[in-house]
Amino acid sequence: KEEEPDTVHVIGSWDMRMSPVKKRMINGHMVPTVKGLSSFFNKKPRRVVLEVHSPPAAQKGAGAKLLTFLHSSTRPHAQQPNQHERVEELGDHDTIVVRILKKSDEAGDDDSVVFNEGGVPGDDTHGDMHSEVSSAIGKSFELEDDHHNNNNDNWIERNRFLLGNMEVKRTTGKYIEVKAGAGPDSFTRIIQMKTEQHVTDFCLAVQMLQDLERQRGDRQLQAYRSAHAEDTHLMRALGSTVGDDTSGKAVPINLLVEIVSAKNLPAADDYTVNIGLSDKLSKMGSTFRKSMAPGSQAMASLEKSTSSTTPAAEPQGGTSDPYVILRLGGKEIHRTDVISKTLDPIWTLYTGSLCLISCTAEEFFASLGGLTFVVKDHDTMDRDDLLGRVQISAEEALAADGKRVGYEVIPDKPPEAKPSKPPMLYIRIKQANDDDVRFMKQYMVDSKPDALGMKKKKQGVHNSETFLPPRNIVEPHLKKNKIIKHEDKTRERLHRVKPCPDPNRVQETEWMRDDQVEAEAWKQSTHWIEAGSGDLGKLYVEIIGCDHLPNMDAATLSVTDKTDAFVCLAFEDCVVNTDVISNSCSPRWMPWSRRSYAFSIAHPGSKLFVGLFDYNSEFSPFQEAKRFSTNNLHDQIGRVMINLSKFVPSTVYTLTYPIYKGELAKHRVKNRGTITMRLRFEFNNMQKALAQTIQLPPTEYVSMARSIDFQLTSYTASGKHDFNAWKMTTFTGHIEELQSYEVILDYVTDAMMTVWLWRGHHSMTICGKTILVPAHSITAYIWALIISYNFNAFFSFVCFAIGWAMLAINYQVRQNPSPWHKCASYGTLWMYLLFGKAPVEVHDANYKEQEFNDYMADYKKRVQDKLDEKELEMKYDEEIIRELGDDVVLGNEEVDIATERQGGLVSKVNVFRGMNPIKMILHPIQIELGKIVIMTRTAKSIIMWRENYYAFWITTGSILMSLLVLFLPWGWILRWVFRIILIVGLGPWMKIVDRMYFAEKPDLTEEQKKEQIRERVKKRYGAAVEKAEYAQIAKERSLKLQAMKAYMYGSHIVRVPHFNESFFSDFPMPVSHSEFYNPKKHGEVVIAERKYGQRLSGDMIPNREIQESEVKEKKVGRVGSVFKSVRAAASLKSRSSALKSASKESSHKNPISAMASSLRFKSSSKKEEASESTPLLETNGRGPSSPAADSAASSV
């Protein structure tokens, strides 16, 4: 819907003659112009109009009364304004506009406005002038007075600007020197009025309107001060920490402004395709234009440039290089960077989207006009073009709450053709808090230009809060081993403990034997590091050690130089690294080292990614030379992905995983050693955690400040192979993997045959005998009977079949003897949901190892048998075709009588295709295949119950839906739906519908028919337009989040997968074991360090997790102090009322005792005030029974 236009009050109008620009602001100084020297001889007839624009929703401000004494044409020049007319005041949203008009038949002045750099007006010799303009002005308004159109003169708008950006410098007779514009766009002109009385009237009108603007600013200032004082008093009453009393002092204002994006901007560079030739020719006047041949290309280009130099309303392939200038009144506050070649720019932190306006309330309200956003197009070889402006009043800016608001960008002069989509500028404004102010001040320091004027782009300012790099403790001693001789002539070989001895037991733990090191490594950790930003529970991980690692430093040819191992762990939004254990292929991490981490869980389905690396110093000459060819500083040993949904809370797992270098089949042929860790997790509320898995978690990204750390994290979370990079092996691998899923058809066929032929599969023991019961066949037979008698149950069966299949797969997966390959039973997950706990499964090392080996051997045999059967079928198929010969081919051949094309276009196309690079054709297909492969892997993980929680909800949802649908009379519902459609949609009243909505009206004109067709077509894209708006917001958020994370944590961003996106899954080895968690045996977790997650919350300047935790702590402390204050106030109030009632009763009996009790009450209340002072009592200063204390007590 179109917005209602503003209400316009014409204050006055004066005819004048205007000279070219006299002076212009250049480098901070007003410099005379060349054409200003001839201003006396070169003047153009103009008309100046003063108007007050009121928005539709605002109350009428300066209405008819102002019109009575300021209209020069309706009152005598000698008449002075009455005193009572001066008390009129402007509304909070009223805008005073100065419009400059010109005659429409003026030669050369029917052109559009020339947009010069910074809004500086062009020389009026060619009739071109413009200046500041308010976006609240809206469209052009024709003068409503007959006086303004006297003598049948047609006046059209030349330009307009705000009254606050105009200043009368001096007057001399009939001449007025006026300064207009703001900052570097300032200029001065000389205007000549008809009479000296007109000069007096004009100056009086301008002065009185400026006085009204100042009065409005003073009124708003007083209202803001009162509101600020009330808020401060309320915060003190609630015990909050506020600054000193600001009564009588300047009230500070801190506004945080974000220039989010722009949409549908005009294409200012649409007419610059002639390499500047047309612009040069246009300045030579009409003489050269007449000599040009009509219809020539040069003439067309010249006419296009001279007839319209405004930005195109409907750009055809044009672009702009937009940037925005923010002004407070006439002062420039901020300027964004230029976004090149776009009509839909998005500004981020690094391109100047954020700005902090920090000033006093007096300065803020004294600046007339509020906030002005000037949108310009940057030109390297010419002056910048003005695209439009947006005006926001002071009241609206202070009332903004940080929401994304779109404002229409209003140009100086509306385009000749109305654009289909108005240009929009999206802005966020809010009151800046202390964190916002600190952030902006720090960012201004970090982004301060260097000596060459280049703007810095600092990254990873807060990276140390979230990332724990590998720590390599340099050994100052060269001696790593020593031999001790005992009295019995036995020798004992000792090793220096790595990475360092226990700080509390240095002598005991500096040298140890191998068995002592092994025993010490299995002790409980004493140095825990908390990391992450979740609140559902904790995941406790301890890295014990590794065995049989490859020697990554064998190339150094040193016997003692071996692998310097460390472990990188990525979980949700945090990444941590252990200490480096140098020169060991079987390293052990000590309990006092960095090896134990307490991760905060945000989603129960998250995976733990573990990467193992060989540490290399980045300052060694060998590594410096190596980094010329690769960014990997640390050598990759292997990685493991741990699926936590297979484990049970309150259980301590000691897990040993094989280590593989990559995720491809060639990398899984042989492991590169093993890694052993201790793992346990706890949920604060298991039912809440399980309910959290109904929805998928948000995509997690972690940012790194250095490329070295990025390579660590990327390998740990995503693996060695980059599936998005073009490789022929990757392309064929995707196809082979998708083809491998054909084996599922064989399993489905076997399952259907099992159900159909009543083959037993579920073992039961009856009377000491084990029999196989065909449970699925019985279930299918019962459902078939139900559907045959009641077809309404068919829809219920469809829903039940999904849950039935999932339960069958769950049963089949649980047949594996190994507890590490099993999934949780369906009943166990129901116990989690109902009771919040389930029985703990305790398994010893090598539990059912032989049964597992037999099970896997049988499984591999069945798979091999299937492959052999397929191969045998293919072999016999080829033999039969060879025996039958042409009969088979002739039986399947279709006869085509069309003439076969040879040569010509076909051969040329084939030759052309052969010349195309393979990558250009297959790489996009590879990327799409990669997406399909990841989707199939994810679906496979859920169907095979490797993702327990998601499989549980799919099964439960399908069974519940089946029960719900079972009792619905589907036949009756479908019957009546068909009847209603038939009666409503095919009745005779459809003739009325046709006449009202579909039939063409015979009295429509051709233009109306075209508009009707256009609106009908436009409705088809309504959903697409709405979707595009959401896509625009999502794009803005992603780009701004990327820039903000780059500044806070680093520009190297890694996506942490939520599902297992690899074809292979990692399972613990049979030596793994588990036991019930016992705090006395396993010890309490004592946090020694804290690393926060990288999750950001909020818009504009999002809060980091460290800020969120501090806010929570402050809230808890503040609530405690408020409750303490309320209790003290209530106690004093009740004691006061009790003693007063007692004194009243005793005063009738004994006046002396009454006086004594009163004195005792006063002394006791003073003691309580001194011993238990409260913020409430200190703030109001009126004793315990003050209204502020009573209201606070009642509210709490």
# chains A, B, ... in the order shown; residues from 1 in each chain; ligands from 1
>>> residues_around(residues="range 598-600 of chain A", least_positions_apart="6", cutoff="7 Å", atoms="only C-alpha atoms", output="ChimeraX atom specification")
/A:528-535,537-541
>>> write_last_selection(atoms="all heavy atoms", output="CSV table (one decimal), in the first residue's frame")
chain,number,residue,atom,x,y,z
A,528,TRP,N,41.9,-29.3,35.0
A,528,TRP,CA,40.8,-29.4,34.0
A,528,TRP,C,40.6,-28.0,33.4
A,528,TRP,O,40.7,-27.0,34.1
A,528,TRP,CB,39.5,-29.8,34.7
A,528,TRP,CG,39.4,-31.3,35.0
A,528,TRP,CD1,39.9,-31.9,36.2
A,528,TRP,CD2,38.9,-32.3,34.2
A,528,TRP,NE1,39.7,-33.2,36.1
A,528,TRP,CE2,39.1,-33.5,34.9
A,528,TRP,CE3,38.3,-32.4,33.0
A,528,TRP,CZ2,38.7,-34.8,34.4
A,528,TRP,CZ3,37.8,-33.6,32.5
A,528,TRP,CH2,38.0,-34.8,33.2
A,529,ILE,N,40.2,-28.0,32.1
A,529,ILE,CA,40.0,-26.8,31.3
A,529,ILE,C,38.5,-26.9,30.9
A,529,ILE,O,38.2,-27.8,30.1
A,529,ILE,CB,40.9,-26.7,30.2
A,529,ILE,CG1,42.4,-26.7,30.7
A,529,ILE,CG2,40.6,-25.4,29.4
A,529,ILE,CD1,43.4,-26.7,29.6
A,530,GLU,N,37.7,-25.9,31.2
A,530,GLU,CA,36.4,-25.8,30.8
A,530,GLU,C,36.3,-25.0,29.5
A,530,GLU,O,36.9,-24.0,29.3
A,530,GLU,CB,35.5,-25.1,31.9
A,530,GLU,CG,34.0,-25.1,31.5
A,530,GLU,CD,33.2,-24.5,32.6
A,530,GLU,OE1,33.8,-24.0,33.6
A,530,GLU,OE2,31.9,-24.5,32.5
A,531,ALA,N,35.5,-25.5,28.6
A,531,ALA,CA,35.4,-24.9,27.2
A,531,ALA,C,34.0,-25.1,26.7
A,531,ALA,O,33.3,-26.0,27.1
A,531,ALA,CB,36.4,-25.5,26.3
A,532,GLY,N,33.6,-24.2,25.8
A,532,GLY,CA,32.3,-24.3,25.2
A,532,GLY,C,31.2,-23.3,25.7
A,532,GLY,O,31.5,-22.6,26.7
A,533,SER,N,30.1,-23.3,25.1
A,533,SER,CA,29.0,-22.4,25.5
A,533,SER,C,27.7,-23.0,25.7
A,533,SER,O,26.7,-22.3,25.7
A,533,SER,CB,28.9,-21.2,24.5
A,533,SER,OG,28.7,-21.8,23.2
A,534,GLY,N,27.6,-24.3,25.8
A,534,GLY,CA,26.3,-24.9,26.0
A,534,GLY,C,25.8,-24.9,27.5
A,534,GLY,O,26.6,-24.6,28.4
A,535,ASP,N,24.6,-25.3,27.7
A,535,ASP,CA,24.0,-25.3,29.1
A,535,ASP,C,23.2,-26.6,29.4
A,535,ASP,O,22.6,-26.6,30.4
A,535,ASP,CB,23.1,-24.1,29.3
A,535,ASP,CG,22.0,-24.0,28.3
A,535,ASP,OD1,22.0,-24.9,27.4
A,535,ASP,OD2,21.1,-23.1,28.4
A,537,GLY,N,24.6,-29.7,29.7
A,537,GLY,CA,25.4,-30.6,30.5
A,537,GLY,C,26.9,-30.5,30.2
A,537,GLY,O,27.3,-29.5,29.6
A,538,LYS,N,27.7,-31.5,30.6
A,538,LYS,CA,29.1,-31.4,30.5
A,538,LYS,C,29.6,-32.7,29.9
A,538,LYS,O,29.1,-33.8,30.2
A,538,LYS,CB,29.8,-31.2,31.8
A,538,LYS,CG,29.5,-29.8,32.5
A,538,LYS,CD,30.2,-28.7,31.7
A,538,LYS,CE,30.0,-27.4,32.4
A,538,LYS,NZ,30.6,-26.3,31.7
A,539,LEU,N,30.6,-32.6,29.0
A,539,LEU,CA,31.4,-33.7,28.4
A,539,LEU,C,32.8,-33.7,29.0
A,539,LEU,O,33.5,-32.7,28.7
A,539,LEU,CB,31.3,-33.7,26.9
A,539,LEU,CG,32.3,-34.6,26.2
A,539,LEU,CD1,31.9,-36.1,26.4
A,539,LEU,CD2,32.3,-34.3,24.7
A,540,TYR,N,33.2,-34.7,29.7
A,540,TYR,CA,34.5,-34.7,30.3
A,540,TYR,C,35.4,-35.7,29.5
A,540,TYR,O,35.1,-36.9,29.3
A,540,TYR,CB,34.5,-35.2,31.8
A,540,TYR,CG,33.6,-34.3,32.6
A,540,TYR,CD1,32.2,-34.7,32.8
A,540,TYR,CD2,34.0,-33.1,33.1
A,540,TYR,CE1,31.4,-33.9,33.6
A,540,TYR,CE2,33.2,-32.3,33.9
A,540,TYR,CZ,31.9,-32.7,34.2
A,540,TYR,OH,31.1,-31.9,34.9
A,541,VAL,N,36.5,-35.1,29.0
A,541,VAL,CA,37.4,-35.9,28.1
A,541,VAL,C,38.8,-35.8,28.7
A,541,VAL,O,39.3,-34.7,29.0
A,541,VAL,CB,37.4,-35.4,26.7
A,541,VAL,CG1,38.3,-36.2,25.8
A,541,VAL,CG2,36.0,-35.4,26.1
>>> closest_atom_pairs(of="range 1072-1103 of chain A", to="range 830-850 of chain A", cutoff="10 Å", atoms="only C-alpha atoms", output="CSV")
residue,atom,partner,partner_atom,distance
A:Ser1072,CA,A:Ala845,CA,5.3
A:His1073,CA,A:Ala845,CA,4.7
A:Ser1074,CA,A:His843,CA,5.2
A:Glu1075,CA,A:Val842,CA,5.0
A:Phe1076,CA,A:Val842,CA,6.7
A:Tyr1077,CA,A:Val840,CA,9.6
>>> write_last_selection(atoms="N, CA, C and O atoms", output="PDB file, in the first residue's frame")
ATOM      1  N   SER A1072      38.565 -51.599  24.861  1.00  0.00           N
ATOM      2  CA  SER A1072      37.873 -50.538  25.585  1.00  0.00           C
ATOM      3  C   SER A1072      36.972 -51.156  26.656  1.00  0.00           C
ATOM      4  O   SER A1072      36.486 -52.288  26.513  1.00  0.00           O
ATOM      5  N   HIS A1073      36.708 -50.372  27.698  1.00  0.00           N
ATOM      6  CA  HIS A1073      35.855 -50.854  28.780  1.00  0.00           C
ATOM      7  C   HIS A1073      35.136 -49.670  29.411  1.00  0.00           C
ATOM      8  O   HIS A1073      35.473 -48.493  29.152  1.00  0.00           O
ATOM      9  N   SER A1074      34.149 -49.964  30.250  1.00  0.00           N
ATOM     10  CA  SER A1074      33.347 -48.926  30.899  1.00  0.00           C
ATOM     11  C   SER A1074      33.026 -49.359  32.319  1.00  0.00           C
ATOM     12  O   SER A1074      33.015 -50.562  32.641  1.00  0.00           O
ATOM     13  N   GLU A1075      32.727 -48.380  33.173  1.00  0.00           N
ATOM     14  CA  GLU A1075      32.359 -48.630  34.563  1.00  0.00           C
ATOM     15  C   GLU A1075      31.479 -47.500  35.066  1.00  0.00           C
ATOM     16  O   GLU A1075      31.460 -46.402  34.490  1.00  0.00           O
ATOM     17  N   PHE A1076      30.748 -47.777  36.131  1.00  0.00           N
ATOM     18  CA  PHE A1076      29.846 -46.782  36.699  1.00  0.00           C
ATOM     19  C   PHE A1076      30.664 -45.675  37.361  1.00  0.00           C
ATOM     20  O   PHE A1076      31.684 -45.937  38.006  1.00  0.00           O
ATOM     21  N   TYR A1077      30.215 -44.433  37.186  1.00  0.00           N
ATOM     22  CA  TYR A1077      30.933 -43.280  37.729  1.00  0.00           C
ATOM     23  C   TYR A1077      30.755 -43.217  39.241  1.00  0.00           C
ATOM     24  O   TYR A1077      29.629 -43.203  39.759  1.00  0.00           O
TER      25      TYR A1077
END
>>> closest_residue(among="A:Ser582, A:Thr95, A:His527, A:Pro470", to="Glu1084 in chain A", atoms="only C-alpha atoms")
A:His527
>>> closest_residue(among="A:Glu663, A:Glu736, A:Asp434, A:Asp488", to="Tyr715 in chain A", atoms="only C-alpha atoms")
A:Glu663
>>> atom_distance(atom1="CA of Ser358 in chain A", atom2="CA of Val251 in chain A")
10.9 Å
>>> select_by_dssp(residues="range 684-892 of chain A", states="strand (DSSP E)", output="count of residues only")
15
>>> decode(residues="range 1022-1046 of chain A", atoms="N, CA and C atoms", output="short mmCIF file (atom, residue, chain, number, x, y, z; two decimals), in the first residue's frame")
data_model
loop_
_atom_site.label_atom_id
_atom_site.label_comp_id
_atom_site.auth_asym_id
_atom_site.auth_seq_id
_atom_site.Cartn_x
_atom_site.Cartn_y
_atom_site.Cartn_z
N GLY A 1022 4.42 -13.05 -5.82
CA GLY A 1022 4.32 -12.54 -4.45
C GLY A 1022 5.12 -13.37 -3.48
N ALA A 1023 4.99 -14.70 -3.59
CA ALA A 1023 5.74 -15.58 -2.68
C ALA A 1023 7.23 -15.47 -2.91
N ALA A 1024 7.61 -15.33 -4.19
CA ALA A 1024 9.04 -15.20 -4.49
C ALA A 1024 9.62 -13.92 -3.91
N VAL A 1025 8.83 -12.84 -3.98
CA VAL A 1025 9.31 -11.57 -3.41
C VAL A 1025 9.45 -11.68 -1.90
N GLU A 1026 8.49 -12.32 -1.26
CA GLU A 1026 8.58 -12.50 0.19
C GLU A 1026 9.75 -13.39 0.56
N LYS A 1027 9.98 -14.42 -0.24
CA LYS A 1027 11.13 -15.29 0.01
C LYS A 1027 12.43 -14.55 -0.20
N ALA A 1028 12.45 -13.66 -1.20
CA ALA A 1028 13.66 -12.88 -1.46
C ALA A 1028 13.98 -11.96 -0.30
N GLU A 1029 12.95 -11.44 0.37
CA GLU A 1029 13.19 -10.57 1.53
C GLU A 1029 13.85 -11.35 2.66
N TYR A 1030 13.35 -12.56 2.92
CA TYR A 1030 13.99 -13.40 3.93
C TYR A 1030 15.41 -13.79 3.52
N ALA A 1031 15.59 -14.06 2.23
CA ALA A 1031 16.94 -14.39 1.76
C ALA A 1031 17.89 -13.21 1.91
N GLN A 1032 17.37 -11.99 1.68
CA GLN A 1032 18.20 -10.80 1.86
C GLN A 1032 18.63 -10.65 3.32
N ILE A 1033 17.70 -10.85 4.24
CA ILE A 1033 18.03 -10.74 5.67
C ILE A 1033 19.02 -11.82 6.06
N ALA A 1034 18.82 -13.05 5.56
CA ALA A 1034 19.76 -14.13 5.88
C ALA A 1034 21.15 -13.83 5.33
N LYS A 1035 21.21 -13.26 4.12
CA LYS A 1035 22.51 -12.91 3.55
C LYS A 1035 23.18 -11.82 4.36
N GLU A 1036 22.41 -10.82 4.79
CA GLU A 1036 22.97 -9.77 5.64
C GLU A 1036 23.53 -10.35 6.92
N ARG A 1037 22.77 -11.21 7.56
CA ARG A 1037 23.23 -11.79 8.83
C ARG A 1037 24.50 -12.60 8.65
N SER A 1038 24.55 -13.39 7.57
CA SER A 1038 25.72 -14.24 7.36
C SER A 1038 26.97 -13.40 7.10
N LEU A 1039 26.86 -12.37 6.25
CA LEU A 1039 28.02 -11.53 5.95
C LEU A 1039 28.47 -10.74 7.17
N LYS A 1040 27.52 -10.22 7.92
CA LYS A 1040 27.88 -9.45 9.12
C LYS A 1040 28.46 -10.36 10.20
N LEU A 1041 27.90 -11.57 10.32
CA LEU A 1041 28.44 -12.51 11.30
C LEU A 1041 29.85 -12.93 10.90
N GLN A 1042 30.07 -13.12 9.62
CA GLN A 1042 31.41 -13.49 9.15
C GLN A 1042 32.42 -12.41 9.48
N ALA A 1043 32.06 -11.15 9.23
CA ALA A 1043 32.99 -10.06 9.52
C ALA A 1043 33.19 -9.90 11.02
N MET A 1044 32.12 -10.04 11.80
CA MET A 1044 32.25 -9.89 13.25
C MET A 1044 33.09 -11.01 13.85
N LYS A 1045 32.88 -12.25 13.39
CA LYS A 1045 33.69 -13.35 13.90
C LYS A 1045 35.14 -13.20 13.46
N ALA A 1046 35.35 -12.65 12.25
CA ALA A 1046 36.72 -12.43 11.80
C ALA A 1046 37.43 -11.43 12.69
#
